[in-house]
Amino acid sequence: MHRGERQALTAEQLMRSRYSAFVRGEVDYLLATHPEPGLPVAWRRRELQRSCRQLRWLGLTIREVRAGGPQDLEGVVRFEARHQGGVLRETSLFQRRDGRSDGVWLYIRALEEPLE
């Protein structure tokens with residue numbers, strides 16, 4: 001997925017591929033799978049590079065998945081990502097590009113309230 005040879009079929013696959021992109025420092029993939037039109041790409045690239053250099057990721061646990069299947073337009077993934085400084089817990093929203101069933105999956109944002 002990082003090389004563009006195939007696309008994530010589900011929101012969970014995109015979540016897992018983004019985690020491994022953080023581990024490997026695949027900044028271009030992280031940028032491509034998370035649109036932020038209000039922020040300059042050069043700034044985002046620098047921040048991602050800094051983050052990838054600073055954190056050593058140790059493991060990912062998916063806690064819950066809601067929707068986000070091959071036929072869905074939206075999905076939510078709750079996860080824990082362990083790093084040398086602790087644990088990142090997040091509930092993430094994923095959507096298909098342009099709201100189309102054949103659109104690629106994108107990470108949209110962290111949700112404020114975790115799923116229970």
# chains A, B, ... in the order shown; residues from 1 in each chain; ligands from 1
$ select_by_dssp --residues "segment 17-50 of chain A" --states "alpha helix (DSSP H)" --output "ChimeraX atom specification"
/A:17-24,27-32,41-50
$ select_by_dssp --residues "segment 11-109 of chain A" --states "strand (DSSP E or B)" --output "PyMOL selection string"
chain A and resi 57-67+74-83+86-96+105-109
$ closest_residue --among "A:Ser20, A:Gln7, A:Thr61, A:Gln95" --to "Ala81 of chain A" --atoms "only C-alpha atoms"
A:Thr61
$ residues_around --residues "Ala110 of chain A" --least-positions-apart "5" --cutoff "9 Å" --atoms "only C-alpha atoms" --output "list in words"
Glu90, Thr91, Ser92 and Leu93 of chain A
$ residues_around --residues "Gln49 of chain A" --least-positions-apart "3" --cutoff "10 Å" --atoms "only C-alpha atoms" --output "list in words"
Phe22, Gly25, Glu26, Val27, Asp28, Trp43, Arg44, Arg45, Arg46, Cys52, Arg53 and Gln54 of chain A
$ write_last_selection --atoms "all heavy atoms" --output "short mmCIF file (atom, residue, chain, number, x, y, z; two decimals), in the first residue's frame"
data_model
loop_
_atom_site.label_atom_id
_atom_site.label_comp_id
_atom_site.auth_asym_id
_atom_site.auth_seq_id
_atom_site.Cartn_x
_atom_site.Cartn_y
_atom_site.Cartn_z
N PHE A 22 3.87 5.15 9.88
CA PHE A 22 4.52 5.91 10.95
C PHE A 22 5.78 5.19 11.43
O PHE A 22 6.82 5.80 11.65
CB PHE A 22 3.57 6.15 12.12
CG PHE A 22 2.71 7.36 11.97
CD1 PHE A 22 1.37 7.23 11.63
CD2 PHE A 22 3.21 8.64 12.17
CE1 PHE A 22 0.56 8.35 11.49
CE2 PHE A 22 2.42 9.77 12.04
CZ PHE A 22 1.09 9.62 11.69
N GLY A 25 8.39 5.57 8.64
CA GLY A 25 8.68 6.92 8.17
C GLY A 25 8.22 7.18 6.76
O GLY A 25 8.83 7.97 6.03
N GLU A 26 7.13 6.55 6.34
CA GLU A 26 6.58 6.70 4.99
C GLU A 26 5.70 7.96 4.93
O GLU A 26 4.47 7.91 4.88
CB GLU A 26 5.76 5.47 4.60
CG GLU A 26 6.54 4.18 4.59
CD GLU A 26 7.37 4.02 3.33
OE1 GLU A 26 7.24 4.83 2.39
OE2 GLU A 26 8.16 3.07 3.29
N VAL A 27 6.36 9.11 4.94
CA VAL A 27 5.66 10.40 5.04
C VAL A 27 4.75 10.66 3.84
O VAL A 27 3.64 11.17 4.01
CB VAL A 27 6.68 11.54 5.24
CG1 VAL A 27 6.03 12.90 5.15
CG2 VAL A 27 7.39 11.36 6.59
N ASP A 28 5.17 10.32 2.65
CA ASP A 28 4.33 10.56 1.47
C ASP A 28 3.00 9.82 1.59
O ASP A 28 1.94 10.35 1.24
CB ASP A 28 5.05 10.15 0.18
CG ASP A 28 6.18 11.09 -0.18
OD1 ASP A 28 6.15 12.26 0.27
OD2 ASP A 28 7.10 10.67 -0.90
N TRP A 43 4.78 22.21 5.49
CA TRP A 43 4.74 22.20 6.96
C TRP A 43 4.33 20.83 7.49
O TRP A 43 4.94 20.30 8.42
CB TRP A 43 3.78 23.28 7.46
CG TRP A 43 3.67 23.31 8.95
CD1 TRP A 43 4.50 23.96 9.82
CD2 TRP A 43 2.70 22.64 9.76
NE1 TRP A 43 4.10 23.73 11.12
CE2 TRP A 43 3.00 22.93 11.11
CE3 TRP A 43 1.61 21.82 9.47
CZ2 TRP A 43 2.24 22.43 12.16
CZ3 TRP A 43 0.86 21.32 10.53
CH2 TRP A 43 1.18 21.63 11.85
N ARG A 44 3.28 20.26 6.89
CA ARG A 44 2.82 18.93 7.30
C ARG A 44 3.93 17.90 7.13
O ARG A 44 4.14 17.04 8.00
CB ARG A 44 1.59 18.50 6.49
CG ARG A 44 0.36 19.32 6.81
CD ARG A 44 -0.83 18.91 5.98
NE ARG A 44 -1.16 17.51 6.20
CZ ARG A 44 -1.64 16.70 5.28
NH1 ARG A 44 -1.89 17.15 4.06
NH2 ARG A 44 -1.93 15.45 5.55
N ARG A 45 4.65 17.97 6.02
CA ARG A 45 5.74 17.03 5.75
C ARG A 45 6.81 17.14 6.85
O ARG A 45 7.26 16.13 7.38
CB ARG A 45 6.35 17.30 4.38
CG ARG A 45 7.50 16.35 4.03
CD ARG A 45 8.05 16.64 2.64
NE ARG A 45 7.03 16.52 1.61
CZ ARG A 45 6.54 15.38 1.14
NH1 ARG A 45 7.01 14.24 1.59
NH2 ARG A 45 5.62 15.37 0.20
N ARG A 46 7.22 18.37 7.18
CA ARG A 46 8.23 18.56 8.22
C ARG A 46 7.76 18.00 9.56
O ARG A 46 8.52 17.34 10.27
CB ARG A 46 8.57 20.04 8.38
CG ARG A 46 9.53 20.57 7.34
CD ARG A 46 10.06 21.95 7.69
NE ARG A 46 9.02 22.92 7.98
CZ ARG A 46 8.36 23.65 7.09
NH1 ARG A 46 8.65 23.52 5.80
NH2 ARG A 46 7.43 24.50 7.44
N CYS A 52 8.05 11.06 13.05
CA CYS A 52 8.55 9.71 12.73
C CYS A 52 9.95 9.49 13.29
O CYS A 52 10.28 8.38 13.71
CB CYS A 52 8.53 9.48 11.22
SG CYS A 52 6.87 9.32 10.53
N ARG A 53 10.76 10.53 13.31
CA ARG A 53 12.12 10.40 13.86
C ARG A 53 12.10 10.30 15.39
O ARG A 53 12.91 9.60 15.98
CB ARG A 53 12.97 11.60 13.46
CG ARG A 53 13.54 11.53 12.07
CD ARG A 53 14.61 12.59 11.85
NE ARG A 53 14.19 13.94 12.20
CZ ARG A 53 13.60 14.79 11.37
NH1 ARG A 53 13.37 14.44 10.13
NH2 ARG A 53 13.25 15.99 11.77
N GLN A 54 11.18 11.00 16.03
CA GLN A 54 11.19 11.10 17.49
C GLN A 54 10.57 9.90 18.19
O GLN A 54 10.98 9.56 19.29
CB GLN A 54 10.47 12.36 17.94
CG GLN A 54 11.24 13.62 17.66
CD GLN A 54 10.50 14.86 18.11
OE1 GLN A 54 9.31 14.82 18.41
NE2 GLN A 54 11.20 15.98 18.14
#
$ atom_distance --atom1 "atom CA of Val76 of chain A" --atom2 "atom CA of Thr10 of chain A"
10.4 Å
$ residues_around --residues "Val23 of chain A" --least-positions-apart "6" --cutoff "12 Å" --atoms "only C-alpha atoms" --output "ChimeraX atom specification"
/A:2,16-17,29-30,48-49,51-60,81-83
